[in-house]
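Source file: upload_0.cif (mmCIF, C-alpha atoms)
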data_start
loop_
_atom_site.label_atom_id
_atom_site.label_comp_id
_atom_site.auth_asym_id
_atom_site.auth_seq_id
_atom_site.Cartn_x
_atom_site.Cartn_y
_atom_site.Cartn_z
CA MET A 1 -24.10 -50.32 37.88
CA SER A 2 -20.51 -49.19 37.32
CA LEU A 3 -18.93 -46.93 39.93
CA SER A 4 -17.23 -44.97 37.15
CA ALA A 5 -19.07 -43.18 34.37
CA LEU A 6 -16.12 -44.00 32.11
CA ASP A 7 -16.52 -47.74 32.73
CA SER A 8 -20.30 -47.72 32.49
CA ALA A 9 -21.90 -49.55 29.59
CA LEU A 10 -24.39 -46.66 29.42
CA THR A 11 -22.18 -43.56 29.63
CA GLY A 12 -18.72 -44.92 28.89
CA PRO A 13 -19.04 -44.80 25.08
CA LEU A 14 -19.91 -41.10 25.32
CA LEU A 15 -17.16 -40.07 27.73
CA ALA A 16 -14.14 -42.21 26.80
CA SER A 17 -12.87 -43.93 23.68
CA ASP A 18 -13.06 -47.70 23.40
CA ALA A 19 -9.34 -47.82 22.62
CA MET A 20 -8.40 -45.96 25.80
CA ARG A 21 -10.76 -48.01 27.94
CA ALA A 22 -9.07 -51.12 26.56
CA VAL A 23 -5.65 -49.79 27.64
CA PHE A 24 -6.71 -49.78 31.28
CA ASP A 25 -9.21 -52.65 31.47
CA ASP A 26 -8.58 -55.58 33.83
CA ARG A 27 -7.41 -58.01 31.15
CA ALA A 28 -4.91 -55.46 29.90
CA ARG A 29 -3.68 -54.90 33.46
CA ILE A 30 -3.10 -58.63 33.91
CA ALA A 31 -1.26 -58.75 30.58
CA ASP A 32 0.93 -55.82 31.61
CA MET A 33 1.77 -57.43 34.95
CA LEU A 34 2.68 -60.64 33.15
CA ALA A 35 4.92 -58.65 30.81
CA VAL A 36 6.63 -57.00 33.78
CA GLU A 37 7.33 -60.28 35.56
CA ALA A 38 8.56 -61.92 32.35
CA ALA A 39 10.90 -58.99 31.66
CA LEU A 40 12.21 -59.10 35.24
CA ALA A 41 12.91 -62.84 34.92
CA ARG A 42 14.70 -62.41 31.57
CA ALA A 43 16.84 -59.56 32.88
CA GLN A 44 17.84 -61.52 35.97
CA ALA A 45 18.57 -64.62 33.87
CA ARG A 46 20.97 -62.63 31.70
CA LEU A 47 22.82 -61.62 34.87
CA GLY A 48 22.86 -65.17 36.21
CA LEU A 49 20.37 -64.38 38.95
CA ALA A 50 17.39 -66.44 37.79
CA PRO A 51 16.85 -69.62 35.75
CA GLU A 52 16.72 -69.24 31.97
CA GLY A 53 13.35 -70.92 31.71
CA LEU A 54 11.44 -68.57 34.00
CA GLY A 55 10.91 -65.72 31.54
CA PRO A 56 9.60 -67.94 28.72
CA ALA A 57 7.39 -69.84 31.17
CA ILE A 58 5.75 -66.60 32.31
CA ALA A 59 5.40 -65.35 28.74
CA ALA A 60 3.58 -68.55 27.78
CA ILE A 61 0.76 -67.84 30.25
CA ALA A 62 -2.23 -65.98 28.79
CA PRO A 63 -4.13 -63.28 30.68
CA ASP A 64 -7.32 -65.32 30.22
CA ALA A 65 -5.84 -68.00 32.48
CA PHE A 66 -6.55 -65.77 35.49
CA ASP A 67 -9.86 -65.63 37.34
CA LEU A 68 -10.41 -61.88 37.60
CA ALA A 69 -13.27 -62.19 40.05
CA ALA A 70 -11.19 -64.35 42.40
CA ILE A 71 -8.26 -61.93 42.22
CA GLY A 72 -10.66 -59.09 42.97
CA ARG A 73 -12.03 -60.83 46.03
CA GLU A 74 -8.53 -61.52 47.32
CA THR A 75 -7.45 -57.95 46.57
CA ALA A 76 -10.12 -56.73 48.97
CA HIS A 77 -8.37 -58.79 51.64
CA ALA A 78 -4.74 -58.21 50.62
CA GLY A 79 -5.05 -54.47 49.91
CA VAL A 80 -3.29 -54.68 46.55
CA PRO A 81 -3.96 -56.74 43.41
CA SER A 82 -0.34 -57.83 43.04
CA ILE A 83 -0.47 -60.31 45.91
CA PRO A 84 -3.32 -62.50 44.58
CA PHE A 85 -1.96 -62.07 41.04
CA LEU A 86 1.47 -63.41 42.04
CA LYS A 87 -0.11 -66.20 44.03
CA ALA A 88 -2.11 -67.31 40.99
CA LEU A 89 0.90 -66.94 38.70
CA ARG A 90 3.15 -69.06 40.95
CA ALA A 91 0.56 -71.82 40.89
CA MET A 92 0.77 -71.91 37.09
CA LEU A 93 4.57 -72.17 36.94
CA PRO A 94 6.70 -75.31 37.27
CA ARG A 95 7.72 -75.80 40.88
CA ASP A 96 11.43 -75.46 40.11
CA LEU A 97 10.86 -72.00 38.60
CA ALA A 98 8.18 -70.55 40.83
CA SER A 99 10.52 -69.75 43.73
CA ASP A 100 12.44 -67.22 41.60
CA LEU A 101 9.35 -65.31 40.51
CA HIS A 102 9.31 -61.60 41.46
CA LYS A 103 12.78 -61.90 42.97
CA GLY A 104 13.82 -58.77 44.84
CA ALA A 105 10.81 -56.76 43.71
CA THR A 106 7.89 -55.42 45.69
CA THR A 107 4.23 -54.72 45.03
CA GLN A 108 4.79 -51.09 44.02
CA ASP A 109 7.47 -52.11 41.52
CA LEU A 110 5.05 -54.44 39.77
CA ILE A 111 2.07 -52.06 39.78
CA ASP A 112 4.03 -48.92 38.87
CA THR A 113 5.89 -50.60 36.02
CA ALA A 114 2.75 -52.24 34.67
CA LEU A 115 1.10 -48.82 34.74
CA ALA A 116 4.07 -47.30 32.90
CA VAL A 117 3.67 -49.95 30.18
CA ALA A 118 -0.01 -49.01 29.88
CA LEU A 119 0.80 -45.30 29.81
CA ARG A 120 3.10 -45.86 26.85
CA ARG A 121 0.10 -47.11 24.87
CA ALA A 122 -2.16 -44.41 26.27
CA PHE A 123 0.19 -41.61 25.25
CA ALA A 124 0.42 -43.09 21.75
CA LEU A 125 -3.37 -42.88 21.42
CA VAL A 126 -3.35 -39.29 22.67
CA ALA A 127 -0.58 -38.32 20.26
CA SER A 128 -2.42 -39.80 17.28
CA ASP A 129 -5.65 -37.94 17.99
CA LEU A 130 -3.82 -34.72 18.83
CA ASP A 131 -2.01 -34.82 15.50
CA ALA A 132 -5.29 -35.23 13.62
CA ILE A 133 -6.89 -32.37 15.57
CA LEU A 134 -4.00 -30.02 14.87
CA ALA A 135 -4.06 -30.95 11.19
CA GLY A 136 -7.80 -30.32 10.99
CA LEU A 137 -7.58 -26.96 12.73
CA ALA A 138 -4.69 -25.93 10.48
CA ARG A 139 -6.82 -26.62 7.42
CA LEU A 140 -9.69 -24.66 8.97
CA ALA A 141 -7.42 -21.70 9.74
CA GLU A 142 -5.97 -21.64 6.23
CA ALA A 143 -9.36 -21.94 4.55
CA HIS A 144 -10.80 -19.04 6.54
CA ALA A 145 -7.76 -16.85 7.00
CA ARG A 146 -9.68 -13.92 5.46
CA THR A 147 -13.25 -14.84 6.41
CA PRO A 148 -14.36 -11.81 8.45
CA CYS A 149 -16.12 -12.27 11.78
CA ALA A 150 -16.62 -10.28 14.93
CA GLY A 151 -13.92 -10.34 17.57
CA ARG A 152 -15.35 -10.58 21.06
CA THR A 153 -13.94 -9.37 24.35
CA TYR A 154 -15.80 -9.52 27.68
CA GLY A 155 -18.65 -11.12 25.75
CA GLN A 156 -19.07 -7.97 23.60
CA HIS A 157 -18.23 -7.23 19.99
CA ALA A 158 -14.74 -5.72 19.88
CA THR A 159 -13.14 -5.31 16.44
CA PRO A 160 -13.34 -7.45 13.30
CA VAL A 161 -11.06 -10.47 13.14
CA THR A 162 -11.21 -13.48 10.83
CA PHE A 163 -12.49 -16.92 11.56
CA GLY A 164 -9.17 -18.34 10.39
CA PHE A 165 -7.43 -16.23 13.03
CA LYS A 166 -9.81 -17.62 15.68
CA ALA A 167 -9.16 -21.22 14.56
CA ALA A 168 -5.42 -20.53 14.53
CA VAL A 169 -5.63 -19.35 18.15
CA TRP A 170 -7.37 -22.61 19.09
CA ALA A 171 -4.75 -24.64 17.24
CA ALA A 172 -1.82 -22.74 18.74
CA GLY A 173 -3.22 -23.14 22.25
CA ILE A 174 -3.53 -26.89 21.80
CA ALA A 175 -0.06 -26.97 20.22
CA ASP A 176 1.37 -25.20 23.29
CA VAL A 177 0.39 -28.24 25.35
CA ALA A 178 1.07 -30.88 22.69
CA THR A 179 4.68 -29.79 22.36
CA GLU A 180 5.34 -30.97 25.91
CA LEU A 181 4.07 -34.51 25.38
CA PRO A 182 7.46 -36.19 24.72
CA ALA A 183 8.95 -34.85 27.96
CA VAL A 184 5.83 -35.71 29.94
CA ARG A 185 5.80 -39.24 28.53
CA GLU A 186 9.47 -39.71 29.34
CA GLY A 187 8.89 -38.67 32.94
CA ALA A 188 5.90 -40.94 33.42
CA CYS A 189 7.05 -44.08 31.59
CA VAL A 190 9.78 -45.22 33.97
CA ALA A 191 10.55 -48.73 35.20
CA SER A 192 10.35 -49.33 38.92
CA LEU A 193 12.56 -51.94 40.57
CA ALA A 194 13.52 -50.85 44.06
CA GLY A 195 12.39 -53.53 46.49
CA PRO A 196 10.75 -53.17 49.89
CA ALA A 197 12.25 -49.84 50.99
CA GLY A 198 13.81 -48.57 47.79
CA THR A 199 17.35 -50.01 47.98
CA LEU A 200 16.72 -53.34 46.19
CA PRO A 201 18.72 -55.19 48.89
CA ALA A 202 18.29 -58.67 47.36
CA PHE A 203 21.12 -57.88 44.95
CA GLY A 204 23.52 -55.95 47.15
CA ALA A 205 25.96 -53.78 45.22
CA ARG A 206 24.61 -55.15 41.92
CA ALA A 207 21.19 -53.59 42.60
CA PRO A 208 21.59 -50.68 40.14
CA GLU A 209 22.83 -53.10 37.47
CA VAL A 210 19.76 -55.29 37.92
CA ALA A 211 17.43 -52.28 37.83
CA ASP A 212 18.99 -51.03 34.59
CA ALA A 213 18.82 -54.48 32.97
CA PHE A 214 15.13 -54.74 33.88
CA ALA A 215 14.39 -51.29 32.44
CA ARG A 216 16.07 -52.24 29.16
CA GLU A 217 14.12 -55.49 29.00
CA ILE A 218 10.75 -53.79 29.54
CA ARG A 219 11.78 -50.90 27.23
CA LEU A 220 11.26 -48.12 29.75
CA ALA A 221 13.54 -45.48 31.20
CA SER A 222 15.58 -46.51 34.23
CA ALA A 223 15.18 -44.56 37.46
CA PRO A 224 18.34 -43.09 39.05
CA ILE A 225 17.03 -44.07 42.49
CA ALA A 226 13.82 -45.49 43.90
CA GLY A 227 10.71 -43.85 42.50
CA HIS A 228 8.34 -45.14 45.18
CA THR A 229 8.00 -41.67 46.72
CA ARG A 230 9.22 -39.55 43.81
CA ARG A 231 5.87 -38.93 42.17
CA ALA A 232 6.61 -35.90 40.01
CA GLY A 233 6.31 -37.98 36.82
CA SER A 234 2.75 -38.99 37.61
CA ALA A 235 1.83 -35.53 38.87
CA ARG A 236 3.25 -33.88 35.78
CA ALA A 237 1.35 -36.29 33.54
CA GLY A 238 -1.87 -35.50 35.37
CA ALA A 239 -1.29 -31.76 35.19
CA TRP A 240 -0.48 -32.05 31.49
CA LEU A 241 -3.66 -33.99 30.79
CA ALA A 242 -5.69 -31.38 32.65
CA MET A 243 -3.95 -28.61 30.69
CA LEU A 244 -4.70 -30.40 27.44
CA LEU A 245 -8.35 -30.58 28.38
CA GLY A 246 -8.24 -26.87 29.21
CA ALA A 247 -6.91 -26.07 25.74
CA LEU A 248 -9.56 -28.24 24.12
CA ALA A 249 -12.24 -26.67 26.31
CA LYS A 250 -11.24 -23.16 25.21
CA MET A 251 -12.11 -24.20 21.67
CA ALA A 252 -15.27 -26.01 22.76
CA GLY A 253 -16.51 -23.05 24.77
CA ASP A 254 -16.05 -20.70 21.82
CA ILE A 255 -17.79 -23.10 19.46
CA ALA A 256 -20.71 -23.64 21.83
CA HIS A 257 -21.28 -19.88 21.92
CA LEU A 258 -20.83 -19.41 18.17
CA ALA A 259 -23.33 -22.24 17.58
CA SER A 260 -26.01 -20.67 19.78
CA THR A 261 -29.24 -19.69 18.10
CA GLU A 262 -28.67 -15.95 18.39
CA VAL A 263 -25.16 -16.16 16.90
CA GLY A 264 -25.37 -19.09 14.47
CA GLU A 265 -21.90 -18.66 12.99
CA VAL A 266 -20.84 -22.32 13.24
CA ALA A 267 -22.45 -25.69 13.86
CA GLU A 268 -21.18 -29.05 14.99
CA PRO A 269 -21.18 -31.60 12.16
CA HIS A 270 -24.64 -33.08 12.13
CA VAL A 271 -25.43 -36.76 12.46
CA PRO A 272 -29.14 -37.66 12.50
CA GLY A 273 -30.32 -38.07 16.06
CA ARG A 274 -27.18 -36.58 17.62
CA GLY A 275 -27.82 -33.75 20.05
CA GLY A 276 -31.55 -34.25 20.09
CA SER A 277 -34.02 -33.68 22.91
CA SER A 278 -36.48 -36.06 24.51
CA VAL A 279 -39.23 -33.43 24.14
CA MET A 280 -38.03 -30.90 21.54
CA PRO A 281 -37.67 -32.48 18.08
CA HIS A 282 -35.88 -29.46 16.62
CA LYS A 283 -32.91 -29.49 19.00
CA ARG A 284 -29.31 -30.01 17.89
CA ASN A 285 -27.45 -29.63 21.14
CA PRO A 286 -23.64 -29.24 20.96
CA VAL A 287 -22.73 -32.74 22.14
CA SER A 288 -19.04 -32.53 21.24
CA CYS A 289 -18.59 -29.26 23.09
CA THR A 290 -20.50 -30.62 26.06
CA VAL A 291 -18.29 -33.71 26.40
CA ILE A 292 -15.10 -31.63 26.16
CA LEU A 293 -16.25 -29.01 28.66
CA SER A 294 -17.43 -31.62 31.15
CA ALA A 295 -14.13 -33.50 30.88
CA ALA A 296 -12.15 -30.34 31.53
CA SER A 297 -14.22 -29.64 34.62
CA ALA A 298 -13.90 -33.17 35.99
CA ALA A 299 -10.16 -33.38 35.34
CA ARG A 300 -9.02 -30.71 37.75
CA GLY A 301 -9.82 -32.72 40.86
CA HIS A 302 -7.97 -35.78 39.57
CA ALA A 303 -4.91 -33.68 38.74
CA ALA A 304 -4.99 -32.32 42.28
CA THR A 305 -5.03 -35.90 43.62
CA LEU A 306 -1.77 -36.60 41.81
CA LEU A 307 -0.19 -33.46 43.20
CA ASP A 308 -1.27 -34.49 46.69
CA ALA A 309 0.35 -37.90 46.15
CA MET A 310 3.75 -36.20 45.94
CA VAL A 311 3.54 -35.75 49.73
CA ALA A 312 4.67 -39.33 50.32
CA ALA A 313 5.97 -40.26 53.75
CA HIS A 314 9.45 -41.74 54.07
CA GLU A 315 10.12 -44.70 51.77
CA ARG A 316 6.52 -45.71 51.00
CA PRO A 317 3.27 -44.05 52.11
CA ALA A 318 -0.15 -45.30 53.06
CA GLY A 319 -2.89 -43.96 50.83
CA ALA A 320 -1.13 -41.35 48.72
CA TRP A 321 0.16 -43.80 46.12
CA HIS A 322 -3.07 -45.77 46.16
CA ALA A 323 -5.04 -42.63 45.29
CA GLU A 324 -3.12 -42.45 42.00
CA TRP A 325 -4.84 -45.66 40.89
CA HIS A 326 -8.09 -43.71 40.54
CA ALA A 327 -6.68 -40.53 39.07
CA LEU A 328 -4.38 -41.34 36.14
CA PRO A 329 -6.57 -43.87 34.29
CA THR A 330 -9.58 -41.60 34.78
CA LEU A 331 -7.70 -38.61 33.38
CA PHE A 332 -6.65 -40.58 30.32
CA GLY A 333 -10.23 -41.73 29.87
CA LEU A 334 -11.57 -38.19 30.06
CA VAL A 335 -8.93 -36.97 27.64
CA SER A 336 -9.68 -39.76 25.18
CA GLY A 337 -13.37 -38.87 25.00
CA ALA A 338 -12.58 -35.19 24.63
CA LEU A 339 -10.08 -35.90 21.86
CA VAL A 340 -12.65 -37.92 19.93
CA GLU A 341 -15.06 -34.98 20.06
CA ALA A 342 -12.39 -32.35 19.37
CA ARG A 343 -11.33 -34.29 16.30
CA ARG A 344 -14.95 -34.35 15.15
CA LEU A 345 -15.03 -30.56 15.45
CA ALA A 346 -11.63 -29.93 13.87
CA GLU A 347 -12.40 -32.09 10.86
CA GLY A 348 -16.08 -31.33 10.33
CA LEU A 349 -17.06 -27.98 11.83
CA VAL A 350 -19.70 -26.24 9.74
CA VAL A 351 -18.66 -22.60 9.16
CA ARG A 352 -21.38 -20.11 8.22
CA ALA A 353 -19.59 -17.16 6.71
CA ASP A 354 -22.88 -15.49 5.81
CA ALA A 355 -23.91 -15.40 9.48
CA MET A 356 -20.50 -14.00 10.39
CA ALA A 357 -20.94 -11.22 7.85
CA ARG A 358 -24.43 -10.50 9.12
CA ASN A 359 -23.27 -10.31 12.72
CA LEU A 360 -20.58 -7.81 11.80
CA ASP A 361 -23.40 -5.35 11.24
CA ALA A 362 -25.20 -6.19 14.48
CA THR A 363 -23.77 -3.17 16.28
CA SER A 364 -24.29 -0.73 13.40
CA GLY A 365 -20.59 -0.16 12.86
CA LEU A 366 -19.37 0.03 16.47
CA LEU A 367 -16.73 -2.59 15.67
CA PHE A 368 -14.94 0.14 13.71
CA ALA A 369 -14.85 2.64 16.57
CA ASP A 370 -11.12 2.24 17.21
CA ALA A 371 -10.30 2.61 13.53
CA ALA A 372 -12.58 5.65 13.31
CA ALA A 373 -10.79 7.35 16.18
CA ALA A 374 -7.41 6.61 14.58
CA ALA A 375 -8.55 7.82 11.14
CA LEU A 376 -10.00 11.06 12.50
CA ALA A 377 -7.07 11.87 14.81
CA PRO A 378 -5.02 13.62 12.06
CA VAL A 379 -8.04 15.78 11.29
CA LEU A 380 -9.40 16.54 14.77
CA GLY A 381 -6.54 15.69 17.12
CA ALA A 382 -6.42 12.48 19.14
CA GLY A 383 -8.45 13.73 22.13
CA GLU A 384 -11.20 15.30 20.06
CA ALA A 385 -11.36 12.30 17.72
CA HIS A 386 -11.85 9.95 20.66
CA ALA A 387 -14.54 12.18 22.15
CA ARG A 388 -16.33 12.53 18.78
CA VAL A 389 -16.40 8.75 18.27
CA ALA A 390 -17.60 8.16 21.83
CA ALA A 391 -20.45 10.64 21.35
CA ALA A 392 -21.33 9.06 18.02
CA ALA A 393 -21.39 5.62 19.68
CA ASP A 394 -23.88 6.94 22.22
CA ALA A 395 -26.04 8.17 19.34
CA VAL A 396 -25.89 4.72 17.73
CA ARG A 397 -27.23 3.14 20.90
CA ALA A 398 -29.83 5.82 21.53
CA ASP A 399 -31.10 6.66 18.06
CA GLY A 400 -30.52 3.51 16.02
CA VAL A 401 -28.34 5.21 13.42
CA SER A 402 -25.08 3.68 12.19
CA LEU A 403 -21.74 4.86 13.52
CA ARG A 404 -20.81 6.16 10.09
CA GLU A 405 -24.04 8.17 9.86
CA ALA A 406 -23.54 9.60 13.33
CA LEU A 407 -19.98 10.71 12.54
CA ALA A 408 -20.90 12.14 9.15
CA ALA A 409 -23.91 14.11 10.43
CA PRO A 410 -22.04 17.32 11.42
CA GLY A 411 -20.69 17.48 7.86
CA ASP A 412 -17.17 18.56 8.86
CA LEU A 413 -15.23 15.37 8.22
CA PRO A 414 -13.44 14.56 4.95
CA ALA A 415 -14.96 11.70 2.99
CA ASP A 416 -11.62 9.95 2.62
CA ALA A 417 -11.11 9.94 6.40
CA LEU A 418 -14.54 8.38 6.89
CA ALA A 419 -13.79 5.78 4.22
CA ARG A 420 -10.56 4.81 5.98
CA ALA A 421 -12.39 4.59 9.29
CA PHE A 422 -14.74 1.89 8.02
CA ALA A 423 -12.40 -0.11 5.81
CA LEU A 424 -12.50 -3.83 6.59
CA ALA A 425 -9.34 -4.77 4.69
CA PRO A 426 -6.79 -3.71 7.35
CA TYR A 427 -8.48 -5.95 9.90
CA LEU A 428 -8.43 -8.89 7.49
CA ASP A 429 -4.82 -8.19 6.56
CA SER A 430 -3.58 -8.14 10.13
CA ALA A 431 -5.54 -11.20 11.23
CA ALA A 432 -4.50 -13.21 8.18
CA ALA A 433 -0.86 -12.26 8.69
CA PHE A 434 -0.77 -14.06 12.02
CA VAL A 435 -2.22 -17.32 10.71
CA PRO A 436 0.98 -18.64 9.07
CA ARG A 437 2.95 -17.83 12.21
CA ALA A 438 0.52 -19.82 14.34
CA LEU A 439 0.51 -22.70 11.88
CA ALA A 440 4.31 -22.89 11.97
CA HIS A 441 3.98 -23.38 15.72
CA VAL A 442 1.36 -26.07 15.08
CA ALA A 443 3.66 -27.81 12.61
CA ALA A 444 6.44 -27.87 15.21
CA ALA A 445 4.06 -29.43 17.72
CA ARG A 446 3.09 -32.11 15.22
CA ARG A 447 6.75 -32.94 14.71
CA ALA A 448 7.17 -33.25 18.47
CA LEU A 449 4.21 -35.64 18.62
CA ALA A 450 5.78 -37.81 15.96
CA ALA A 451 9.09 -38.06 17.83
#

Please express what this file holds, its structure, as structure tokens.
Amino acid sequence: MSLSALDSALTGPLLASDAMRAVFDDRARIADMLAVEAALARAQARLGLAPEGLGPAIAAIAPDAFDLAAIGRETAHAGVPSIPFLKALRAMLPRDLASDLHKGATTQDLIDTALAVALRRAFALVASDLDAILAGLARLAEAHARTPCAGRTYGQHATPVTFGFKAAVWAAGIADVATELPAVREGACVASLAGPAGTLPAFGARAPEVADAFAREIRLASAPIAGHTRRAGSARAGAWLAMLLGALAKMAGDIAHLASTEVGEVAEPHVPGRGGSSVMPHKRNPVSCTVILSAASAARGHAATLLDAMVAAHERPAGAWHAEWHALPTLFGLVSGALVEARRLAEGLVVRADAMARNLDATSGLLFADAAAAALAPVLGAGEAHARVAAAADAVRADGVSLREALAAPGDLPADALARAFALAPYLDSAAAFVPRALAHVAAARRALAA
């Protein structure tokens, strides 16, 4: 049995994408550590600090040459995987090159930089799925910009809106987070070369030069000073991933409610057998919404772990940094599964405009109460109009009449005022007017993702 649901052969395919799991699997981690050591050797060779042949010799070694189980057993003894990895790597190198391996670096440099290399791939996967989700929601918003549906506040019908407006709100909320991805990626994808206590003493006054050359070689940003205990980049990435899941979960929560039997205004795209029940053959449970909502709930604790890791004692802490090993890959896994399901919703959501129209009448016209009060104010005065509509609303609930019938019953209101009070067009006009504004924001976010 796997200790992580994301790594499990049983639950992993539901909760995380195969592509994201591949980014962080053990073979990929070995490959990334090899890439880091090869880049370090090349950078030092260019500065005359290591033999020319070391970088190519490391690059010629395949990840499959390593015994993962043996490294794992030795990691349990050493406390970090870098020590058994470097031991195995030295044994594969020519003796005249092996002594210059990992020169000046320390365990955290290797592990942090290898993680940054993996994060570069992980962020690319996130950006690709986010772009597709935003594009799908934009199409949904445009297609239904004037499809009327009930607005809901505090779980109650409020005033009419349009489904396109609702989809545009989802898209804009996701775009709010997506826009920040380039800055978050830049802060997290940083090379680490600082040595045992952060000063890279093996190279004396040339230490910053060596660190910059290494960063260029591995194609990551260079740190201005040791990042061993400056963990804001990781914490910000974790917080951003949790925020992204929150934005996706807002959409998923709305869709789960709208897909409920009593509402029936939307449905997840159906695939035979998906969302079924072991005992109820008729069920089509909202699987996509469920995965997204569960990921958002699970993410918050992992984000908090990364914030806690910022409290790092002196030059290198015990425990705080190590806790990050659990949190960041897990967050990316959770996000990847949620993005797969959000994309499924954005590109295939079934919209039932007839059910939306039917539900507009569920409260016998109470959705128009605010418009009725506004339309009657010139005739009755604002205070009296509000009181008249409130009394009519009570009659709707008590007697089963419509709001229009209750208001018209005294016979003292002009027909044109009543007609204005129950006109749907102003609601559609106002909701539809906001859709292009939201989609311009979405388009800007998509440009940021492509940067």

Using only C-alpha atoms, find each residue in stretch 174-232 of chain A having at least one atom no more than 7 Å away from stretch 427-450 of chain A; report its shortest atom-to-atom pair and that distance in Å (one decimal), rows by chain then rising number, as CSV.
residue,atom,partner,partner_atom,distance
A:Ala175,CA,A:Val442,CA,5.4
A:Ala178,CA,A:Ala445,CA,6.0
A:Thr179,CA,A:Ala445,CA,4.7
A:Leu181,CA,A:Leu449,CA,6.9
A:Pro182,CA,A:Ala448,CA,6.9

Stretch 31-136 of chain A residues near stretch 237-249 of chain A within 10 Å, closest pair each, using all atoms listed in the file, as JSON lines:
{"residue": "A:Leu119", "atom": "CA", "partner": "A:Ala237", "partner_atom": "CA", "distance": 9.8}
{"residue": "A:Phe123", "atom": "CA", "partner": "A:Ala237", "partner_atom": "CA", "distance": 9.9}
{"residue": "A:Val126", "atom": "CA", "partner": "A:Leu241", "partner_atom": "CA", "distance": 9.7}
{"residue": "A:Leu130", "atom": "CA", "partner": "A:Leu244", "partner_atom": "CA", "distance": 9.7}
{"residue": "A:Ile133", "atom": "CA", "partner": "A:Leu248", "partner_atom": "CA", "distance": 9.9}

Pull C-alpha atoms from the residues just selected and write them as a JSON list (two decimals), in the coordinates of the input.
[["chain", "number", "residue", "atom", "x", "y", "z"],
["A", 119, "LEU", "CA", 0.80, -45.30, 29.81],
["A", 123, "PHE", "CA", 0.19, -41.61, 25.25],
["A", 126, "VAL", "CA", -3.35, -39.29, 22.67],
["A", 130, "LEU", "CA", -3.82, -34.72, 18.83],
["A", 133, "ILE", "CA", -6.89, -32.37, 15.57]]

Expanded to explicit residues, what is the PyMOL selection byres ((chain A and resi 214) around 10) for this file, as an NGL selection string? :A and (36-44 or 191-193 or 208-213 or 215-222)

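Closest approach to A:Ala323 from the set A:Arg397, A:His386, A:His257, A:Arg231 is made by A:Arg231, with distances taken over all atoms listed in the file.
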
Could you work out how far atom CA of A:Ser336 lies from atom CA of A:Ala19, giving the answer in Å with one decimal? 8.5 Å

Could you spell out the hits of the PyMOL selection byres ((chain A and resi 140) around 10) on the shown file, as a PyMOL selection string? chain A and resi 134-139+141-145+163-168+171+346-349+351

Tell me which residues the PyMOL selection byres ((chain A and resi 286) around 9) grabs here, as a list in words. Ile255, Ala256, Ala259, Ser260, Ala267, Glu268, Arg274, Gly275, Arg284, Asn285, Val287, Ser288, Cys289, Thr290 and Val291 of chain A

As an exercise, work out the distance from atom CA of A:Leu407 to atom CA of A:Ala392 in Å and give it to one decimal place.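 Computed distance, atom CA of A:Leu407 to atom CA of A:Ala392, equals 5.9 Å.
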